[in-house]
Every structure is written in C-alpha cells, then in structure tokens.
file input-v8.cif (mmCIF, N, CA and C atoms, pLDDT in the B column; chains and numbers go by the auth columns)
data_my_file
loop_
_atom_site.group_PDB
_atom_site.id
_atom_site.type_symbol
_atom_site.label_atom_id
_atom_site.label_comp_id
_atom_site.label_asym_id
_atom_site.label_seq_id
_atom_site.Cartn_x
_atom_site.Cartn_y
_atom_site.Cartn_z
_atom_site.B_iso_or_equiv
_atom_site.auth_seq_id
_atom_site.auth_asym_id
ATOM 1 N N MET A 1 -91.279 -26.064 -58.309 60.00 13 A
ATOM 2 C CA MET A 1 -91.200 -24.850 -57.525 60.00 13 A
ATOM 3 C C MET A 1 -89.972 -24.068 -57.966 60.00 13 A
ATOM 4 N N LEU A 2 -90.134 -22.771 -58.160 55.00 14 A
ATOM 5 C CA LEU A 2 -89.031 -21.856 -58.451 55.00 14 A
ATOM 6 C C LEU A 2 -88.692 -21.094 -57.192 55.00 14 A
ATOM 7 N N VAL A 3 -87.440 -20.779 -57.006 58.00 15 A
ATOM 8 C CA VAL A 3 -87.052 -19.876 -55.923 58.00 15 A
ATOM 9 C C VAL A 3 -86.271 -18.748 -56.571 58.00 15 A
ATOM 10 N N LEU A 4 -86.836 -17.550 -56.558 58.00 16 A
ATOM 11 C CA LEU A 4 -86.206 -16.378 -57.147 58.00 16 A
ATOM 12 C C LEU A 4 -85.613 -15.522 -56.045 58.00 16 A
ATOM 13 N N GLU A 5 -84.513 -14.832 -56.353 57.00 17 A
ATOM 14 C CA GLU A 5 -83.837 -14.050 -55.338 57.00 17 A
ATOM 15 C C GLU A 5 -83.674 -12.582 -55.745 57.00 17 A
ATOM 16 N N PRO A 6 -84.764 -11.829 -55.948 54.00 18 A
ATOM 17 C CA PRO A 6 -84.603 -10.404 -56.216 54.00 18 A
ATOM 18 C C PRO A 6 -84.229 -9.667 -54.937 54.00 18 A
ATOM 19 N N LEU A 7 -83.345 -8.716 -55.055 54.00 19 A
ATOM 20 C CA LEU A 7 -82.918 -7.910 -53.921 54.00 19 A
ATOM 21 C C LEU A 7 -82.395 -8.768 -52.768 54.00 19 A
ATOM 22 N N MET A 8 -81.831 -9.917 -53.097 58.00 20 A
ATOM 23 C CA MET A 8 -81.211 -10.806 -52.112 58.00 20 A
ATOM 24 C C MET A 8 -82.224 -11.411 -51.135 58.00 20 A
ATOM 25 N N LYS A 9 -83.485 -11.439 -51.487 73.00 21 A
ATOM 26 C CA LYS A 9 -84.504 -12.097 -50.680 73.00 21 A
ATOM 27 C C LYS A 9 -85.020 -13.290 -51.461 73.00 21 A
ATOM 28 N N LYS A 10 -85.225 -14.386 -50.789 81.00 22 A
ATOM 29 C CA LYS A 10 -85.797 -15.551 -51.456 81.00 22 A
ATOM 30 C C LYS A 10 -87.308 -15.445 -51.438 81.00 22 A
ATOM 31 N N ILE A 11 -87.900 -15.707 -52.583 85.00 23 A
ATOM 32 C CA ILE A 11 -89.352 -15.710 -52.716 85.00 23 A
ATOM 33 C C ILE A 11 -89.740 -17.076 -53.267 85.00 23 A
ATOM 34 N N GLU A 12 -90.515 -17.812 -52.501 92.00 24 A
ATOM 35 C CA GLU A 12 -90.929 -19.133 -52.941 92.00 24 A
ATOM 36 C C GLU A 12 -92.118 -19.006 -53.889 92.00 24 A
ATOM 37 N N ILE A 13 -91.980 -19.636 -55.049 94.00 25 A
ATOM 38 C CA ILE A 13 -93.003 -19.585 -56.089 94.00 25 A
ATOM 39 C C ILE A 13 -93.543 -20.997 -56.305 94.00 25 A
ATOM 40 N N ILE A 14 -94.851 -21.144 -56.255 96.00 26 A
ATOM 41 C CA ILE A 14 -95.501 -22.424 -56.514 96.00 26 A
ATOM 42 C C ILE A 14 -95.880 -22.475 -57.994 96.00 26 A
ATOM 43 N N VAL A 15 -95.444 -23.523 -58.688 97.00 27 A
ATOM 44 C CA VAL A 15 -95.714 -23.692 -60.115 97.00 27 A
ATOM 45 C C VAL A 15 -96.655 -24.875 -60.299 97.00 27 A
ATOM 46 N N GLU A 16 -97.675 -24.667 -61.122 97.00 28 A
ATOM 47 C CA GLU A 16 -98.638 -25.729 -61.400 97.00 28 A
ATOM 48 C C GLU A 16 -98.802 -25.911 -62.905 97.00 28 A
ATOM 49 N N LYS A 17 -98.907 -27.147 -63.342 97.00 29 A
ATOM 50 C CA LYS A 17 -99.185 -27.457 -64.739 97.00 29 A
ATOM 51 C C LYS A 17 -100.685 -27.304 -64.941 97.00 29 A
ATOM 52 N N THR A 18 -101.074 -26.617 -66.026 97.00 30 A
ATOM 53 C CA THR A 18 -102.487 -26.435 -66.341 97.00 30 A
ATOM 54 C C THR A 18 -102.782 -27.083 -67.698 97.00 30 A
ATOM 55 N N LYS A 19 -104.019 -27.060 -68.115 96.00 31 A
ATOM 56 C CA LYS A 19 -104.394 -27.611 -69.421 96.00 31 A
ATOM 57 C C LYS A 19 -103.761 -26.848 -70.574 96.00 31 A
ATOM 58 N N THR A 20 -103.501 -25.567 -70.343 95.00 32 A
ATOM 59 C CA THR A 20 -102.982 -24.713 -71.420 95.00 32 A
ATOM 60 C C THR A 20 -101.533 -24.282 -71.221 95.00 32 A
ATOM 61 N N GLY A 21 -100.886 -24.715 -70.179 98.00 33 A
ATOM 62 C CA GLY A 21 -99.497 -24.307 -69.929 98.00 33 A
ATOM 63 C C GLY A 21 -99.156 -24.435 -68.466 98.00 33 A
ATOM 64 N N TYR A 22 -98.769 -23.311 -67.857 98.00 34 A
ATOM 65 C CA TYR A 22 -98.343 -23.307 -66.459 98.00 34 A
ATOM 66 C C TYR A 22 -98.880 -22.066 -65.756 98.00 34 A
ATOM 67 N N SER A 23 -99.044 -22.172 -64.454 98.00 35 A
ATOM 68 C CA SER A 23 -99.382 -21.015 -63.634 98.00 35 A
ATOM 69 C C SER A 23 -98.422 -20.982 -62.452 98.00 35 A
ATOM 70 N N ALA A 24 -98.260 -19.803 -61.878 97.00 36 A
ATOM 71 C CA ALA A 24 -97.364 -19.654 -60.739 97.00 36 A
ATOM 72 C C ALA A 24 -97.908 -18.584 -59.808 97.00 36 A
ATOM 73 N N PHE A 25 -97.630 -18.766 -58.517 97.00 37 A
ATOM 74 C CA PHE A 25 -97.995 -17.742 -57.545 97.00 37 A
ATOM 75 C C PHE A 25 -96.990 -17.769 -56.406 97.00 37 A
ATOM 76 N N ALA A 26 -96.842 -16.612 -55.775 93.00 38 A
ATOM 77 C CA ALA A 26 -95.960 -16.482 -54.618 93.00 38 A
ATOM 78 C C ALA A 26 -96.811 -16.677 -53.369 93.00 38 A
ATOM 79 N N GLU A 27 -96.351 -17.504 -52.458 88.00 39 A
ATOM 80 C CA GLU A 27 -97.131 -17.764 -51.254 88.00 39 A
ATOM 81 C C GLU A 27 -97.262 -16.540 -50.357 88.00 39 A
ATOM 82 N N LYS A 28 -96.237 -15.705 -50.296 89.00 40 A
ATOM 83 C CA LYS A 28 -96.239 -14.596 -49.347 89.00 40 A
ATOM 84 C C LYS A 28 -96.423 -13.224 -49.994 89.00 40 A
ATOM 85 N N LEU A 29 -96.658 -13.195 -51.300 91.00 41 A
ATOM 86 C CA LEU A 29 -96.902 -11.940 -52.006 91.00 41 A
ATOM 87 C C LEU A 29 -98.129 -12.105 -52.881 91.00 41 A
ATOM 88 N N PRO A 30 -98.861 -11.030 -53.155 94.00 42 A
ATOM 89 C CA PRO A 30 -100.015 -11.132 -54.053 94.00 42 A
ATOM 90 C C PRO A 30 -99.576 -11.097 -55.516 94.00 42 A
ATOM 91 N N VAL A 31 -98.806 -12.094 -55.917 96.00 43 A
ATOM 92 C CA VAL A 31 -98.241 -12.159 -57.266 96.00 43 A
ATOM 93 C C VAL A 31 -98.666 -13.475 -57.911 96.00 43 A
ATOM 94 N N TYR A 32 -99.320 -13.361 -59.069 97.00 44 A
ATOM 95 C CA TYR A 32 -99.793 -14.518 -59.823 97.00 44 A
ATOM 96 C C TYR A 32 -99.490 -14.277 -61.294 97.00 44 A
ATOM 97 N N THR A 33 -99.206 -15.354 -62.045 98.00 45 A
ATOM 98 C CA THR A 33 -98.975 -15.211 -63.481 98.00 45 A
ATOM 99 C C THR A 33 -99.143 -16.563 -64.169 98.00 45 A
ATOM 100 N N ILE A 34 -99.132 -16.523 -65.505 98.00 46 A
ATOM 101 C CA ILE A 34 -99.249 -17.745 -66.304 98.00 46 A
ATOM 102 C C ILE A 34 -98.213 -17.710 -67.422 98.00 46 A
ATOM 103 N N GLY A 35 -98.004 -18.851 -68.066 98.00 47 A
ATOM 104 C CA GLY A 35 -97.119 -18.939 -69.214 98.00 47 A
ATOM 105 C C GLY A 35 -97.400 -20.203 -69.994 98.00 47 A
ATOM 106 N N ASN A 36 -97.159 -20.159 -71.295 98.00 48 A
ATOM 107 C CA ASN A 36 -97.349 -21.343 -72.134 98.00 48 A
ATOM 108 C C ASN A 36 -96.237 -22.359 -71.939 98.00 48 A
ATOM 109 N N THR A 37 -95.029 -21.874 -71.626 97.00 49 A
ATOM 110 C CA THR A 37 -93.869 -22.740 -71.385 97.00 49 A
ATOM 111 C C THR A 37 -93.261 -22.364 -70.036 97.00 49 A
ATOM 112 N N LEU A 38 -92.387 -23.217 -69.535 97.00 50 A
ATOM 113 C CA LEU A 38 -91.715 -22.895 -68.268 97.00 50 A
ATOM 114 C C LEU A 38 -90.831 -21.658 -68.411 97.00 50 A
ATOM 115 N N GLU A 39 -90.190 -21.505 -69.559 97.00 51 A
ATOM 116 C CA GLU A 39 -89.338 -20.330 -69.780 97.00 51 A
ATOM 117 C C GLU A 39 -90.173 -19.049 -69.781 97.00 51 A
ATOM 118 N N GLU A 40 -91.325 -19.085 -70.453 98.00 52 A
ATOM 119 C CA GLU A 40 -92.224 -17.931 -70.453 98.00 52 A
ATOM 120 C C GLU A 40 -92.757 -17.666 -69.044 98.00 52 A
ATOM 121 N N LEU A 41 -93.078 -18.713 -68.323 97.00 53 A
ATOM 122 C CA LEU A 41 -93.560 -18.566 -66.952 97.00 53 A
ATOM 123 C C LEU A 41 -92.498 -17.904 -66.073 97.00 53 A
ATOM 124 N N LYS A 42 -91.252 -18.325 -66.215 95.00 54 A
ATOM 125 C CA LYS A 42 -90.173 -17.729 -65.418 95.00 54 A
ATOM 126 C C LYS A 42 -90.038 -16.235 -65.724 95.00 54 A
ATOM 127 N N THR A 43 -90.056 -15.887 -67.007 96.00 55 A
ATOM 128 C CA THR A 43 -89.963 -14.485 -67.404 96.00 55 A
ATOM 129 C C THR A 43 -91.137 -13.680 -66.843 96.00 55 A
ATOM 130 N N ASN A 44 -92.346 -14.224 -66.973 97.00 56 A
ATOM 131 C CA ASN A 44 -93.539 -13.538 -66.472 97.00 56 A
ATOM 132 C C ASN A 44 -93.519 -13.399 -64.952 97.00 56 A
ATOM 133 N N THR A 45 -93.006 -14.409 -64.268 95.00 57 A
ATOM 134 C CA THR A 45 -92.942 -14.375 -62.807 95.00 57 A
ATOM 135 C C THR A 45 -91.985 -13.283 -62.333 95.00 57 A
ATOM 136 N N ILE A 46 -90.839 -13.216 -62.943 92.00 58 A
ATOM 137 C CA ILE A 46 -89.869 -12.173 -62.584 92.00 58 A
ATOM 138 C C ILE A 46 -90.458 -10.789 -62.847 92.00 58 A
ATOM 139 N N GLU A 47 -91.123 -10.622 -63.984 95.00 59 A
ATOM 140 C CA GLU A 47 -91.747 -9.339 -64.304 95.00 59 A
ATOM 141 C C GLU A 47 -92.845 -8.996 -63.296 95.00 59 A
ATOM 142 N N ALA A 48 -93.673 -9.978 -62.931 95.00 60 A
ATOM 143 C CA ALA A 48 -94.756 -9.731 -61.976 95.00 60 A
ATOM 144 C C ALA A 48 -94.212 -9.326 -60.609 95.00 60 A
ATOM 145 N N ILE A 49 -93.159 -9.991 -60.159 91.00 61 A
ATOM 146 C CA ILE A 49 -92.560 -9.650 -58.867 91.00 61 A
ATOM 147 C C ILE A 49 -91.949 -8.252 -58.913 91.00 61 A
ATOM 148 N N ASN A 50 -91.248 -7.944 -59.992 89.00 62 A
ATOM 149 C CA ASN A 50 -90.651 -6.619 -60.129 89.00 62 A
ATOM 150 C C ASN A 50 -91.715 -5.524 -60.141 89.00 62 A
ATOM 151 N N LEU A 51 -92.820 -5.753 -60.858 92.00 63 A
ATOM 152 C CA LEU A 51 -93.907 -4.776 -60.877 92.00 63 A
ATOM 153 C C LEU A 51 -94.512 -4.586 -59.495 92.00 63 A
ATOM 154 N N TYR A 52 -94.709 -5.676 -58.785 92.00 64 A
ATOM 155 C CA TYR A 52 -95.251 -5.584 -57.427 92.00 64 A
ATOM 156 C C TYR A 52 -94.306 -4.789 -56.526 92.00 64 A
ATOM 157 N N LEU A 53 -93.020 -5.084 -56.588 87.00 65 A
ATOM 158 C CA LEU A 53 -92.051 -4.382 -55.741 87.00 65 A
ATOM 159 C C LEU A 53 -91.963 -2.904 -56.099 87.00 65 A
ATOM 160 N N GLU A 54 -92.010 -2.583 -57.399 88.00 66 A
ATOM 161 C CA GLU A 54 -91.998 -1.183 -57.826 88.00 66 A
ATOM 162 C C GLU A 54 -93.239 -0.455 -57.311 88.00 66 A
ATOM 163 N N PHE A 55 -94.406 -1.104 -57.412 88.00 67 A
ATOM 164 C CA PHE A 55 -95.652 -0.504 -56.944 88.00 67 A
ATOM 165 C C PHE A 55 -95.595 -0.241 -55.441 88.00 67 A
ATOM 166 N N THR A 56 -95.165 -1.235 -54.669 86.00 68 A
ATOM 167 C CA THR A 56 -95.156 -1.056 -53.218 86.00 68 A
ATOM 168 C C THR A 56 -94.125 -0.012 -52.798 86.00 68 A
ATOM 169 N N GLU A 57 -93.005 0.041 -53.509 81.00 69 A
ATOM 170 C CA GLU A 57 -91.997 1.057 -53.199 81.00 69 A
ATOM 171 C C GLU A 57 -92.539 2.449 -53.499 81.00 69 A
ATOM 172 N N ALA A 58 -93.191 2.617 -54.654 74.00 70 A
ATOM 173 C CA ALA A 58 -93.767 3.908 -55.019 74.00 70 A
ATOM 174 C C ALA A 58 -94.874 4.284 -54.031 74.00 70 A
ATOM 175 N N HIS A 59 -95.680 3.325 -53.630 70.00 71 A
ATOM 176 C CA HIS A 59 -96.750 3.577 -52.690 70.00 71 A
ATOM 177 C C HIS A 59 -96.181 4.059 -51.343 70.00 71 A
ATOM 178 N N GLU A 60 -95.132 3.429 -50.891 75.00 72 A
ATOM 179 C CA GLU A 60 -94.486 3.831 -49.625 75.00 72 A
ATOM 180 C C GLU A 60 -93.901 5.240 -49.741 75.00 72 A
ATOM 181 N N LEU A 61 -93.297 5.558 -50.887 73.00 73 A
ATOM 182 C CA LEU A 61 -92.736 6.897 -51.061 73.00 73 A
ATOM 183 C C LEU A 61 -93.839 7.959 -51.045 73.00 73 A
ATOM 184 N N LEU A 62 -94.960 7.686 -51.724 74.00 74 A
ATOM 185 C CA LEU A 62 -96.063 8.632 -51.750 74.00 74 A
ATOM 186 C C LEU A 62 -96.726 8.759 -50.390 74.00 74 A
ATOM 187 N N LYS A 63 -96.816 7.663 -49.669 76.00 75 A
ATOM 188 C CA LYS A 63 -97.426 7.668 -48.350 76.00 75 A
ATOM 189 C C LYS A 63 -96.611 8.500 -47.367 76.00 75 A
ATOM 190 N N GLY A 64 -95.297 8.539 -47.569 69.00 76 A
ATOM 191 C CA GLY A 64 -94.422 9.261 -46.655 69.00 76 A
ATOM 192 C C GLY A 64 -94.391 10.749 -46.866 69.00 76 A
ATOM 193 N N ARG A 65 -95.059 11.249 -47.885 59.00 77 A
ATOM 194 C CA ARG A 65 -95.059 12.698 -48.179 59.00 77 A
ATOM 195 C C ARG A 65 -95.806 13.480 -47.156 59.00 77 A
#
call {"tool": "encode", "arguments": {"input": "input-v8.cif", "output": "structure tokens"}}
result
Amino acid sequence: MLVLEPLMKKIEIIVEKTKTGYSAFAEKLPVYTIGNTLEELKTNTIEAINLYLEFTEAHELLKGR
C-alpha cells in the first residue's frame, strides 16, 4: 500500500501484483493505474491523482460561472 500526500491530504492507494506488473487504485477517488515496476506505478499513480484533481478543480471553476 502507498500513502501519497498531495496538497497535504493523505490518499490511501491499494497496490496489487498482477501477471504483467502492478496495478493501483485509490479507495476514495476514481483513480486507477498500472505499471510494469513499482517505480513506474508510483509515477503513474501520482500523475493520475494530479490529473483527477486538476479536472475536478477545473470542473468546479466552470460550474461556478
């Protein structure tokens, strides 16, 4: 399990070993990703979370117009 702290919030990430590498998902966010190595998985997970947060922030800004 990884615990990432973007924006000072802890996000619990579940990591699973697969036949081809690793997969990860956040229990409380709709964020899923894969990687061939744990290092690649960590990089992909951080990118996926950042993209999700950017999308939701942009969506909130547009909704408030």
call {"tool": "select_by_dssp", "arguments": {"input": "input-v8.cif", "residues": "chain A", "states": "alpha helix (DSSP H)", "output": "list in words"}}
result
Leu50, Glu51, Glu52, Leu53, Lys54, Thr55, Asn56, Thr57, Ile58, Glu59, Ala60, Ile61, Asn62, Leu63, Tyr64, Leu65, Glu66, Phe67, Thr68, Glu69, Ala70, His71, Glu72, Leu73, Leu74 and Lys75 of chain A
call {"tool": "resolve_selection", "arguments": {"input": "input-v8.cif", "expression": "the PyMOL selection byres (((chain A and resi 29-34 and name CA) around 7) and name CA)", "output": "list in words"}}
result
Val27, Glu28, Ser35, Ala36, Ile46, Gly47, Asn48, Thr49, Leu50 and Leu53 of chain A
call {"tool": "residues_near_point", "arguments": {"input": "input-v8.cif", "point": "(-90.4, -18.9, -56.5)", "cutoff": "12 Å", "atoms": "only C-alpha atoms", "output": "ChimeraX atom specification"}}
result
/A:13-18,21-28,35-41,43-45,53-58,60-61
call {"tool": "select_by_dssp", "arguments": {"input": "input-v8.cif", "residues": "region 24-76 of chain A", "states": "strand (DSSP E or B)", "output": "list in words"}}
result
Glu24, Ile25, Ile26, Val27, Glu28, Lys29, Tyr34, Ser35, Ala36, Phe37, Ala38, Tyr44, Thr45, Ile46 and Gly47 of chain A
call {"tool": "atom_distance", "arguments": {"input": "input-v8.cif", "atom1": "CA of Glu51 (chain A)", "atom2": "CA of Thr68 (chain A)"}}
result
26.1 Å
